[in-house]
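*Asks:* Structure in structure tokens, see below.
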Amino acid sequence: MKNTIRKRTGGLLLRSHFILMLAFFVVSFDISRVGAVEKRHIDIWSDGTRMSGDLWFPDGFRKDTPRPAILMTHGWGGVRQHLNSQYAGKFAEAGFVVLTFDYRGWADSDSRLVIIGDQPDIGPDGEVTVRARAIREVIDPFDQVRDITSSLDFLAGEPGVDVNRIGIWGTSFSGGHVIFVGAQDPRVAAIVSQVGYQGVGLTKERRLFSRQRAIDKARGKIDPIPQGIDGVPRLSGTPDLAKMVDYRPIDWASQIRVPTLIIDVEDEEFFERRKNGRAAFELISKNTQANYKLFPGRHYDIYSRHPSAATALALEWFETHLIQ
């Protein structure tokens with residue numbers, strides 16, 4: 001009986017040891033397989049701050065055989081986990097290298113820092129020791145565009161990525177970002193903008209209030225990067241209204257020269273879709289191949305009622321313009 005107990009205990013210990021070693025291997029290399037694709041955690045540096053991201057590789061990926069790639073960007077208060085669970089794996093299974101990431105100050109990306117008090121004297125090595133405030137969950141469209149561009153830089157430097165076949169996909173607030181970036185960055189070869197806000201719709205009162213926020217920031221009456229104010233019901237994060245007042249991706253739509261798909265919902269409640277997505281499509285279609293797809297429902301229905309159909313449409317677009 002004692003021998004039996006020893007054998008069982010030894011077996012349990014051996015299995016436990018094996019499980020621990022396996023867990024160590026997975027954590028150490030941070031590479032996981034999901035279906036027929038691989039996912040690897042990465043760090044991206046954007047203006048000196050580290051962002052967390054995930055790279056997805058299609059089955060059979062080889063560094064010596066360049067593949068098309070897609071950079072995915074999430075909405076107002078979203079995080080890449082949503083993109084990972086809903087979209088990234090499907091795009092990778094279709095043959096694309098896919099990059100998802102979290103903006104600075106969101107999820108497990110590092111925070112931007114603002115010095116508290118006066119800046120101390122700078123040492124001979126250029127270093128200073130300061131007290132600082134961590135900036136978290138602020139929606140600043142220009143900073144987010146910088147983060148998207150940094151992610152494009154990372155993706156373009158990944159072995160096995162065809163730099164001439166990079167697509168960019170954005171949803172909700174970043175549906176405007178991909179128009180803004182796609183009009184200016186020649187590395188973008190195809191665009192999908194889903195239920196995207198293109199900067200049209202601020203009321204006169206909201207515009208004046210945003211201008212006052214900019215004045216108050218410049219004069220030190222409020223924090224230089226505000227947190228926890230001006231919130232929008234049902235949405236996470238703090239909008240930096242002083243930055244948003246002049247952000248109009250639609251002003252760049254006429255500069256786009258690459259195939260662009262605009263996906264909207266008929267009863268969009270956050271902005272007037274005809275003056276945003278539809279208007280952007282009409283401008284883009286004058287200069288390049290474009291398509292406009294309208295789904296029934298409201299803003300969040302694109303994620304709950306139509307995710308499969310919208311994803312299939314986006315995949316077909318990217319396959320047509322980046323693979324075929």
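In the structure tokens, the first chain shown is A, the next is B, and so on; residue numbers restart at 1 for each chain, and ligands run from 1 in the order shown.
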Need to verify the contact set: A:Asp102, 12 Å, only C-alpha atoms, exclusion of same-chain residues closer than 4 positions in sequence. Can you return it as a PyMOL selection string?
*Replies:* chain A and resi 41-46+49-54+71-84+106-111+136-137+144+147-148+150-151
*Asks:* I need the residues of stretch 169-273 of chain A that end up classed as strand (DSSP E or B) by DSSP on the backbone, written out as a PyMOL selection string.
*Replies:* chain A and resi 169-171+188-194+238-239+260-265
*Asks:* Would you write out those residues with N, CA and C atoms, as a compact mmCIF listing (two decimals), in the first residue's frame?
*Replies:*
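Output file again31.txt is given in full below:
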```txt
# COMPACT_ATOMS: atom_id res chain seq x y z
N TRP A 169 -7.15 48.78 -40.69
CA TRP A 169 -8.57 48.58 -40.36
C TRP A 169 -8.85 49.33 -39.07
N GLY A 170 -9.89 50.16 -39.07
CA GLY A 170 -10.23 50.90 -37.87
C GLY A 170 -11.73 50.91 -37.64
N THR A 171 -12.12 50.93 -36.37
CA THR A 171 -13.54 50.91 -36.04
C THR A 171 -13.88 52.03 -35.08
N VAL A 188 0.34 52.56 -46.53
CA VAL A 188 -1.01 52.00 -46.46
C VAL A 188 -1.50 51.70 -47.87
N ALA A 189 -1.82 50.43 -48.14
CA ALA A 189 -2.21 50.01 -49.48
C ALA A 189 -3.71 49.74 -49.61
N ALA A 190 -4.42 49.64 -48.49
CA ALA A 190 -5.87 49.43 -48.52
C ALA A 190 -6.43 49.80 -47.15
N ILE A 191 -7.69 50.24 -47.13
CA ILE A 191 -8.30 50.76 -45.90
C ILE A 191 -9.69 50.18 -45.72
N VAL A 192 -10.01 49.84 -44.45
CA VAL A 192 -11.39 49.55 -44.06
C VAL A 192 -11.71 50.42 -42.86
N SER A 193 -12.75 51.24 -42.99
CA SER A 193 -13.21 52.11 -41.90
C SER A 193 -14.62 51.68 -41.51
N GLN A 194 -14.77 51.23 -40.27
CA GLN A 194 -16.04 50.66 -39.80
C GLN A 194 -16.69 51.59 -38.78
N THR A 238 -11.26 59.75 -20.87
CA THR A 238 -11.42 61.19 -20.85
C THR A 238 -11.11 61.77 -22.23
N PRO A 239 -12.07 62.39 -22.88
CA PRO A 239 -11.76 63.04 -24.16
C PRO A 239 -11.01 64.34 -23.93
N THR A 260 -10.63 51.79 -50.62
CA THR A 260 -11.18 52.07 -49.28
C THR A 260 -12.62 51.58 -49.17
N LEU A 261 -12.87 50.82 -48.12
CA LEU A 261 -14.22 50.33 -47.81
C LEU A 261 -14.73 51.06 -46.58
N ILE A 262 -15.91 51.66 -46.69
CA ILE A 262 -16.57 52.32 -45.57
C ILE A 262 -17.77 51.47 -45.16
N ILE A 263 -17.82 51.08 -43.89
CA ILE A 263 -18.94 50.30 -43.35
C ILE A 263 -19.66 51.17 -42.32
N ASP A 264 -20.96 51.35 -42.48
CA ASP A 264 -21.77 52.14 -41.55
C ASP A 264 -22.99 51.35 -41.10
N VAL A 265 -23.66 51.90 -40.07
CA VAL A 265 -24.96 51.38 -39.65
C VAL A 265 -26.02 52.45 -39.91
```
*Asks:* Tell me, as number ranges by chain, which residues lie within 12 Å of A:Glu93, counting only C-alpha atoms; anything in the same chain fewer than 3 positions away does not count.
*Replies:* A: 33-39, 56-61, 69, 87-90, 96-98, 315, 319
*Asks:* Could the residues in this selection be saved with C-alpha atoms as a PDB file, in the first residue's frame?
*Replies:*
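For reference, part_31.pdb as written:
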```pdb
ATOM      1  CA  ARG A  33      -1.229  28.845 -31.075  1.00  0.00           C
ATOM      2  CA  VAL A  34      -4.860  29.616 -31.812  1.00  0.00           C
ATOM      3  CA  GLY A  35      -6.323  27.350 -34.446  1.00  0.00           C
ATOM      4  CA  ALA A  36      -4.053  27.497 -37.490  1.00  0.00           C
ATOM      5  CA  VAL A  37      -2.323  30.744 -36.466  1.00  0.00           C
ATOM      6  CA  GLU A  38       0.314  31.897 -33.979  1.00  0.00           C
ATOM      7  CA  LYS A  39       0.111  34.912 -31.650  1.00  0.00           C
ATOM      8  CA  TRP A  56      -0.619  37.188 -35.367  1.00  0.00           C
ATOM      9  CA  PHE A  57       0.994  34.944 -37.978  1.00  0.00           C
ATOM     10  CA  PRO A  58      -0.856  32.788 -40.519  1.00  0.00           C
ATOM     11  CA  ASP A  59      -0.281  29.069 -40.778  1.00  0.00           C
ATOM     12  CA  GLY A  60       2.831  28.294 -42.807  1.00  0.00           C
ATOM     13  CA  PHE A  61       4.336  31.736 -42.260  1.00  0.00           C
ATOM     14  CA  ALA A  69      -0.315  42.473 -43.329  1.00  0.00           C
ATOM     15  CA  TYR A  87     -11.221  39.752 -35.457  1.00  0.00           C
ATOM     16  CA  ALA A  88      -7.454  39.196 -35.483  1.00  0.00           C
ATOM     17  CA  GLY A  89      -7.491  35.404 -35.608  1.00  0.00           C
ATOM     18  CA  LYS A  90      -9.901  35.385 -38.549  1.00  0.00           C
ATOM     19  CA  PHE A  96      -2.438  37.944 -43.237  1.00  0.00           C
ATOM     20  CA  VAL A  97       0.112  38.958 -40.625  1.00  0.00           C
ATOM     21  CA  VAL A  98      -2.003  40.967 -38.154  1.00  0.00           C
ATOM     22  CA  LEU A 315     -11.692  40.259 -45.394  1.00  0.00           C
ATOM     23  CA  GLU A 319      -8.032  39.773 -50.063  1.00  0.00           C
TER      24      GLU A 319
END
```
*Asks:* Taking only C-alpha atoms into account, which of A:Val130, A:Val145, A:Ile284, A:Ala290 comes nearest A:Tyr247?
*Replies:*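 Ranked by minimum distance to A:Tyr247, first place goes to A:Val145.
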*Asks:* Please identify the alpha helix (DSSP H) residues within stretch 24-232 of chain A (assignment by DSSP from backbone atoms) and present them as a ChimeraX atom specification.
*Replies:* /A:24-29,80-83,89-93,141-156,174-184,204-218
*Asks:* Rounded to one decimal place, report the atom CA of A:Val245-atom CA of A:Gln198 distance in Å.
*Replies:*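 Result for atom CA of A:Val245 versus atom CA of A:Gln198: 12.1 Å, one decimal.
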*Asks:* Hey, which of A:Thr149, A:Ser85, A:Ser304, A:Gln119 ends up closest to A:Tyr103? Count only C-alpha atoms.
*Replies:* A:Thr149
*Asks:* For each of A:Met244, A:Leu208, A:Ala253, A:Leu55, take the minimum atom-to-atom distance to A:Leu155, counting only C-alpha atoms, then give the residue where this is smallest.
*Replies:*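 Checking each of A:Met244, A:Leu208, A:Ala253, A:Leu55 against A:Leu155, counting only C-alpha atoms, the winner is A:Leu55.
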*Asks:* Between atom CA of A:Pro249 and atom CA of A:Lys286, what is the distance, to one decimal in Å?
*Replies:*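 Answer for the atom CA of A:Pro249 to atom CA of A:Lys286 separation: 16.7 Å.
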*Asks:* What does the structure give for the distance between atom CA of A:His306 and atom CA of A:Val195, in Å to one decimal?
*Replies:*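 Taking atom CA of A:His306 and atom CA of A:Val195, their separation equals 11.9 Å.
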